[in-house]
Each structure stands twice: as C-alpha cells, then as structure tokens.
file upload04.pdb (PDB, C-alpha atoms (C1' of nucleotides))
MODEL        1
ATOM      1  CA  MET A  23     105.232  98.272 108.971  1.00  0.00           C
ATOM      2  CA  ARG A  24     106.722  95.695 111.281  1.00  0.00           C
ATOM      3  CA  ILE A  25     104.898  93.581 113.839  1.00  0.00           C
ATOM      4  CA  GLY A  26     105.264  96.121 116.624  1.00  0.00           C
ATOM      5  CA  GLU A  27     103.322  98.820 114.811  1.00  0.00           C
ATOM      6  CA  LEU A  28     100.633  96.436 113.599  1.00  0.00           C
ATOM      7  CA  SER A  29     100.322  95.207 117.164  1.00  0.00           C
ATOM      8  CA  GLU A  30      99.731  98.698 118.534  1.00  0.00           C
ATOM      9  CA  ARG A  31      97.396  99.723 115.748  1.00  0.00           C
ATOM     10  CA  THR A  32      95.212  96.643 116.108  1.00  0.00           C
ATOM     11  CA  GLY A  33      95.392  96.146 119.833  1.00  0.00           C
ATOM     12  CA  THR A  34      96.673  92.632 119.243  1.00  0.00           C
ATOM     13  CA  SER A  35      99.759  91.235 120.929  1.00  0.00           C
ATOM     14  CA  ARG A  36     102.770  90.357 118.790  1.00  0.00           C
ATOM     15  CA  ARG A  37     102.417  86.817 120.093  1.00  0.00           C
ATOM     16  CA  LEU A  38      98.886  86.623 118.755  1.00  0.00           C
ATOM     17  CA  LEU A  39      99.795  88.119 115.406  1.00  0.00           C
ATOM     18  CA  ARG A  40     102.430  85.430 114.949  1.00  0.00           C
ATOM     19  CA  TYR A  41      99.904  82.856 116.047  1.00  0.00           C
ATOM     20  CA  TYR A  42      97.337  84.057 113.499  1.00  0.00           C
ATOM     21  CA  GLU A  43     100.017  83.708 110.866  1.00  0.00           C
ATOM     22  CA  GLU A  44     100.803  80.225 112.077  1.00  0.00           C
ATOM     23  CA  GLN A  45      97.099  79.415 111.713  1.00  0.00           C
ATOM     24  CA  GLY A  46      97.065  80.730 108.173  1.00  0.00           C
ATOM     25  CA  LEU A  47      94.867  83.746 108.930  1.00  0.00           C
ATOM     26  CA  ILE A  48      97.445  86.244 107.703  1.00  0.00           C
ATOM     27  CA  VAL A  49     100.555  86.038 105.589  1.00  0.00           C
ATOM     28  CA  ALA A  50     103.432  88.434 106.181  1.00  0.00           C
ATOM     29  CA  ASP A  51     106.190  89.442 103.817  1.00  0.00           C
ATOM     30  CA  ARG A  52     109.728  89.293 105.138  1.00  0.00           C
ATOM     31  CA  LEU A  53     112.265  92.087 105.263  1.00  0.00           C
ATOM     32  CA  PRO A  54     115.847  91.238 104.338  1.00  0.00           C
ATOM     33  CA  ASN A  55     116.592  90.946 108.059  1.00  0.00           C
ATOM     34  CA  GLY A  56     113.872  88.365 108.487  1.00  0.00           C
ATOM     35  CA  TYR A  57     111.398  90.699 110.203  1.00  0.00           C
ATOM     36  CA  ARG A  58     107.752  90.429 109.200  1.00  0.00           C
ATOM     37  CA  ASP A  59     106.538  93.258 106.986  1.00  0.00           C
ATOM     38  CA  TYR A  60     102.892  94.298 106.802  1.00  0.00           C
ATOM     39  CA  ASP A  61     101.138  96.904 104.659  1.00  0.00           C
ATOM     40  CA  GLU A  62      98.214  99.119 105.676  1.00  0.00           C
ATOM     41  CA  ARG A  63      95.712  96.543 104.514  1.00  0.00           C
ATOM     42  CA  TYR A  64      96.610  94.352 107.466  1.00  0.00           C
ATOM     43  CA  VAL A  65      95.370  96.830 110.044  1.00  0.00           C
ATOM     44  CA  ASP A  66      91.801  96.318 108.930  1.00  0.00           C
ATOM     45  CA  ARG A  67      92.332  92.675 108.163  1.00  0.00           C
ATOM     46  CA  VAL A  68      93.501  91.925 111.683  1.00  0.00           C
ATOM     47  CA  ARG A  69      90.612  93.894 113.143  1.00  0.00           C
ATOM     48  CA  GLN A  70      88.265  91.912 110.948  1.00  0.00           C
ATOM     49  CA  ILE A  71      89.832  88.680 112.199  1.00  0.00           C
ATOM     50  CA  ARG A  72      89.504  89.743 115.810  1.00  0.00           C
ATOM     51  CA  GLY A  73      85.886  90.629 115.217  1.00  0.00           C
ATOM     52  CA  LEU A  74      85.099  87.196 113.855  1.00  0.00           C
ATOM     53  CA  LEU A  75      87.058  85.575 116.670  1.00  0.00           C
ATOM     54  CA  ASP A  76      85.074  87.574 119.229  1.00  0.00           C
ATOM     55  CA  ALA A  77      81.912  86.502 117.437  1.00  0.00           C
ATOM     56  CA  GLY A  78      82.960  82.987 118.276  1.00  0.00           C
ATOM     57  CA  LEU A  79      84.143  81.710 114.921  1.00  0.00           C
ATOM     58  CA  PRO A  80      87.031  79.259 115.111  1.00  0.00           C
ATOM     59  CA  THR A  81      90.204  80.144 113.232  1.00  0.00           C
ATOM     60  CA  ARG A  82      89.740  77.251 110.868  1.00  0.00           C
ATOM     61  CA  ILE A  83      86.444  78.751 109.676  1.00  0.00           C
ATOM     62  CA  ILE A  84      87.811  82.261 109.527  1.00  0.00           C
ATOM     63  CA  LYS A  85      90.544  80.958 107.299  1.00  0.00           C
ATOM     64  CA  GLN A  86      87.901  79.969 104.759  1.00  0.00           C
ATOM     65  CA  VAL A  87      85.872  83.146 105.078  1.00  0.00           C
ATOM     66  CA  LEU A  88      88.758  85.602 105.104  1.00  0.00           C
ATOM     67  CA  PRO A  89      89.596  85.492 101.392  1.00  0.00           C
ATOM     68  CA  CYS A  90      86.035  86.662 100.773  1.00  0.00           C
ATOM     69  CA  LEU A  91      86.270  89.862 102.761  1.00  0.00           C
ATOM     70  CA  ASP A  92      88.288  92.949 101.931  1.00  0.00           C
ATOM     71  CA  LYS A  93      87.721  96.638 102.402  1.00  0.00           C
ATOM     72  CA  PRO A  94      85.062  97.433 105.033  1.00  0.00           C
ATOM     73  CA  ARG A  95      83.567  95.166 107.656  1.00  0.00           C
ATOM     74  CA  THR A  96      81.507  93.154 105.260  1.00  0.00           C
ATOM     75  CA  ILE A  97      81.709  89.595 104.096  1.00  0.00           C
ATOM     76  CA  TYR A  98      80.746  88.750 100.551  1.00  0.00           C
ATOM     77  CA  PHE A  99      80.709  85.453  98.746  1.00  0.00           C
ATOM     78  CA  SER A 100      80.464  85.582  94.995  1.00  0.00           C
ATOM     79  CA  ASP A 101      81.767  82.056  95.042  1.00  0.00           C
ATOM     80  CA  ALA A 102      79.746  80.662  97.908  1.00  0.00           C
ATOM     81  CA  THR A 103      79.964  76.915  97.756  1.00  0.00           C
ATOM     82  CA  PRO A 104      77.172  74.923  99.409  1.00  0.00           C
ATOM     83  CA  GLU A 105      79.710  73.741 101.991  1.00  0.00           C
ATOM     84  CA  ILE A 106      80.558  77.301 102.971  1.00  0.00           C
ATOM     85  CA  LEU A 107      76.904  78.272 103.123  1.00  0.00           C
ATOM     86  CA  ALA A 108      76.203  75.382 105.459  1.00  0.00           C
ATOM     87  CA  THR A 109      79.170  76.379 107.612  1.00  0.00           C
ATOM     88  CA  LEU A 110      77.997  79.964 107.837  1.00  0.00           C
ATOM     89  CA  GLU A 111      74.478  78.934 108.752  1.00  0.00           C
ATOM     90  CA  HIS A 112      75.944  76.849 111.549  1.00  0.00           C
ATOM     91  CA  GLU A 113      78.057  79.782 112.747  1.00  0.00           C
ATOM     92  CA  ARG A 114      75.050  82.074 112.567  1.00  0.00           C
ATOM     93  CA  ASP A 115      73.085  79.744 114.797  1.00  0.00           C
ATOM     94  CA  GLY A 116      75.987  79.519 117.191  1.00  0.00           C
ATOM     95  CA  MET A 117      76.148  83.310 117.384  1.00  0.00           C
ATOM     96  CA  THR A 118      72.427  83.461 118.078  1.00  0.00           C
ATOM     97  CA  GLU A 119      72.855  81.057 120.961  1.00  0.00           C
ATOM     98  CA  ARG A 120      75.747  83.014 122.423  1.00  0.00           C
ATOM     99  CA  ILE A 121      73.752  86.213 122.120  1.00  0.00           C
ATOM    100  CA  GLN A 122      70.870  84.682 124.070  1.00  0.00           C
ATOM    101  CA  PHE A 123      73.299  83.373 126.642  1.00  0.00           C
ATOM    102  CA  LEU A 124      74.849  86.811 127.047  1.00  0.00           C
ATOM    103  CA  THR A 125      71.462  88.462 127.190  1.00  0.00           C
ATOM    104  CA  ARG A 126      70.310  86.193 130.015  1.00  0.00           C
ATOM    105  CA  ASN A 127      73.425  86.856 132.059  1.00  0.00           C
ATOM    106  CA  ARG A 128      73.331  90.561 131.410  1.00  0.00           C
ATOM    107  CA  ASP A 129      69.715  90.720 132.553  1.00  0.00           C
ATOM    108  CA  ALA A 130      70.524  88.646 135.618  1.00  0.00           C
ATOM    109  CA  ILE A 131      73.315  91.038 136.517  1.00  0.00           C
ATOM    110  CA  ALA A 132      71.108  94.023 135.794  1.00  0.00           C
ATOM    111  CA  ASP A 133      68.392  92.642 138.061  1.00  0.00           C
ATOM    112  CA  TYR A 134      70.915  91.913 140.785  1.00  0.00           C
ATOM    113  CA  LEU A 135      72.217  95.456 140.548  1.00  0.00           C
ATOM    114  CA  ASP A 136      68.723  96.916 140.689  1.00  0.00           C
ATOM    115  CA  ALA A 137      67.932  94.788 143.734  1.00  0.00           C
ATOM    116  CA  VAL A 138      71.117  95.737 145.568  1.00  0.00           C
ATOM    117  CA  ARG A 139      71.002  99.460 144.988  1.00  0.00           C
ATOM    118  CA  GLY A 140      67.740 100.647 146.456  1.00  0.00           C
ATOM    119  CA  GLY A 141      67.270 102.817 143.433  1.00  0.00           C
ATOM    120  CA  ASP A 142      69.768 105.446 144.511  1.00  0.00           C
ATOM    121  CA  ARG A 143      73.318 104.374 145.511  1.00  0.00           C
ATOM    122  CA  ARG A 144      75.498 103.926 142.438  1.00  0.00           C
ATOM    123  CA  ASP A 145      78.531 102.356 144.151  1.00  0.00           C
ATOM    124  CA  VAL A 146      78.732  98.789 145.360  1.00  0.00           C
ATOM    125  CA  PRO A 147      78.529  98.392 149.169  1.00  0.00           C
ATOM    126  CA  ALA A 148      81.636  97.088 150.900  1.00  0.00           C
TER     127      ALA A 148
ATOM    128  C1'  DA B  25     115.613  98.962 120.658  1.00  0.00           C
ATOM    129  C1'  DT B  26     113.066  95.390 117.977  1.00  0.00           C
ATOM    130  C1'  DT B  27     112.138  91.172 116.161  1.00  0.00           C
ATOM    131  C1'  DC B  28     112.753  85.942 115.531  1.00  0.00           C
ATOM    132  C1'  DT B  29     111.887  80.932 116.839  1.00  0.00           C
ATOM    133  C1'  DA B  30     110.799  77.613 120.090  1.00  0.00           C
ATOM    134  C1'  DA B  31     109.128  76.057 124.282  1.00  0.00           C
ATOM    135  C1'  DC B  32     106.812  75.863 129.029  1.00  0.00           C
ATOM    136  C1'  DA B  33     106.772  76.993 136.441  1.00  0.00           C
TER     137       DA B  33
ATOM    138  C1'  DT C  26      98.194  83.708 125.314  1.00  0.00           C
ATOM    139  C1'  DG C  27     101.904  85.236 128.279  1.00  0.00           C
ATOM    140  C1'  DT C  28     106.551  84.840 129.007  1.00  0.00           C
ATOM    141  C1'  DT C  29     111.263  83.704 128.420  1.00  0.00           C
ATOM    142  C1'  DA C  30     115.642  81.976 126.531  1.00  0.00           C
ATOM    143  C1'  DG C  31     119.239  82.812 123.165  1.00  0.00           C
ATOM    144  C1'  DG C  32     120.477  84.952 118.940  1.00  0.00           C
ATOM    145  C1'  DA C  33     120.701  88.571 115.047  1.00  0.00           C
TER     146       DA C  33
ENDMDL
END

call {"tool": "encode", "arguments": {"input": "upload04.pdb", "output": "structure tokens"}}
result
Amino acid sequence: MRIGELSERTGTSRRLLRYYEEQGLIVADRLPNGYRDYDERYVDRVRQIRGLLDAGLPTRIIKQVLPCLDKPRTIYFSDATPEILATLEHERDGMTERIQFLTRNRDAIADYLDAVRGGDRRDVPA
DNA sequence: ATTCTAACA
DNA sequence: TGTTAGGA
C-alpha cells in the first residue's frame, strides 16, 4: 500500500509517516515511480509507534525498542542489554510520573465539575 | 488524483 | 506538525 492508505488506516498524517521514516522508526520500500510502498505489517507497526509516542517515549528510544517488538502490542527483549534495561527503567519511571500528573489534573477537573453542577445539570452554564 | 522533497507567514 | 511550492 502507498502512504495514503497507511495514513488512513493508522490515523497518522502522511507528513508524520515521512517524519517517522526520517527518524528511522520505519523503513519503506520504493515503487518504480518513487512512491513509498508499505506492507500490512506497517499498519500495526505504526500504531505501536504511536502508542509508545503517546506514552511519552522519545523517537530515539523507540528506535532502539522497535526491533524488539513484532506481532501484537507487546515488547520483548531476548537480547536485552544492560543499557537498554536502564533506559526502559527510566522510561517506566517517566510514565509513572506522567500518570500521576494526569491523575491529579483529572481529579481536579472532576472536582470542579462536581462543584459546578449541583448534582443535576449535565451541561456547562453559559 | 497521489505522492515526492524541501522549506517556512 | 501543518502547509505549500514545484515537479513527476
């Protein structure tokens, strides 16, 4: 498939797909006309990349982790070097911090909402 | 129509 | 990341 289809099927802009390639996250084959050519495997791969990006991992880290993940949404290291393990532990801690940050803000918003709506009205007052 | 590269009101 | 120019 060409970039347009991959874009639609992954919800990722063509611009971003080219950017991921530029960052070494994905490698596309080229059609005789120069167009990028992707196989089915890339649909999941791109989704996996987006997931890690949303989790807060920088592309440079994803680049190292990517070769260790394939089929489903799992990450497995049979060749986990101590450097990679240390990196992942750091990322894990970063995720934990972001989760706590999000939780605090979500609760603050939830409390605000509960305070504003006297327990009945579901729409925000003008 | 679609995609490509490069570049930035 | 979006958008756009200029080309295939």

call {"tool": "atom_distance", "arguments": {"input": "upload04.pdb", "atom1": "atom CA of A:Leu79", "atom2": "atom CA of A:Glu44"}}
result
17.0 Å

call {"tool": "residues_around", "arguments": {"input": "upload04.pdb", "residues": "stretch 114-123 of chain A", "least_positions_apart": "2", "cutoff": "12 Å", "atoms": "only C-alpha atoms (C1' of nucleotides)", "output": "list in words"}}
result
Leu74, Leu75, Asp76, Ala77, Gly78, Leu79, Pro80, Leu107, Ala108, Thr109, Leu110, Glu111, His112, Thr125, Arg126, Asn127, Arg128, Asp129 and Ala130 of chain A

call {"tool": "resolve_selection", "arguments": {"input": "upload04.pdb", "expression": "the PyMOL selection byres ((chain B) within 9 of (chain A))", "output": "list in words"}}
result
DT26, DT27 and DC28 of chain B

call {"tool": "interface_residues", "arguments": {"input": "upload04.pdb", "of": "chain C", "to": "chain A", "cutoff": "10 Å", "atoms": "only C-alpha atoms (C1' of nucleotides)", "output": "number ranges by chain"}}
result
C: 26-27, 33

call {"tool": "write_last_selection", "arguments": {"input": "upload04.pdb", "atoms": "C-alpha atoms (C1' of nucleotides)", "output": "CSV table (one decimal), in the frame of the given file"}}
result
chain,number,residue,atom,x,y,z
C,26,DT,C1',98.2,83.7,125.3
C,27,DG,C1',101.9,85.2,128.3
C,33,DA,C1',120.7,88.6,115.0

call {"tool": "resolve_selection", "arguments": {"input": "upload04.pdb", "expression": "the PyMOL selection byres ((chain C and resi 30) around 12)", "output": "list in words"}}
result
DT29, DA30, DA31 and DC32 of chain B; DT28, DT29, DG31 and DG32 of chain C

call {"tool": "atom_distance", "arguments": {"input": "upload04.pdb", "atom1": "atom CA of A:Leu53", "atom2": "atom CA of A:Leu28"}}
result
15.0 Å

call {"tool": "atom_distance", "arguments": {"input": "upload04.pdb", "atom1": "atom CA of A:Glu113", "atom2": "atom CA of A:Arg31"}}
result
27.9 Å

call {"tool": "closest_residue", "arguments": {"input": "upload04.pdb", "among": "A:Val68, A:Val87, A:Asp61, A:Pro54", "to": "A:Leu39", "atoms": "all atoms listed in the file"}}
result
A:Val68

call {"tool": "closest_residue", "arguments": {"input": "upload04.pdb", "among": "A:Ile83, A:Leu135, A:Glu27, A:Leu124", "to": "A:Gly46", "atoms": "only C-alpha atoms"}}
result
A:Ile83
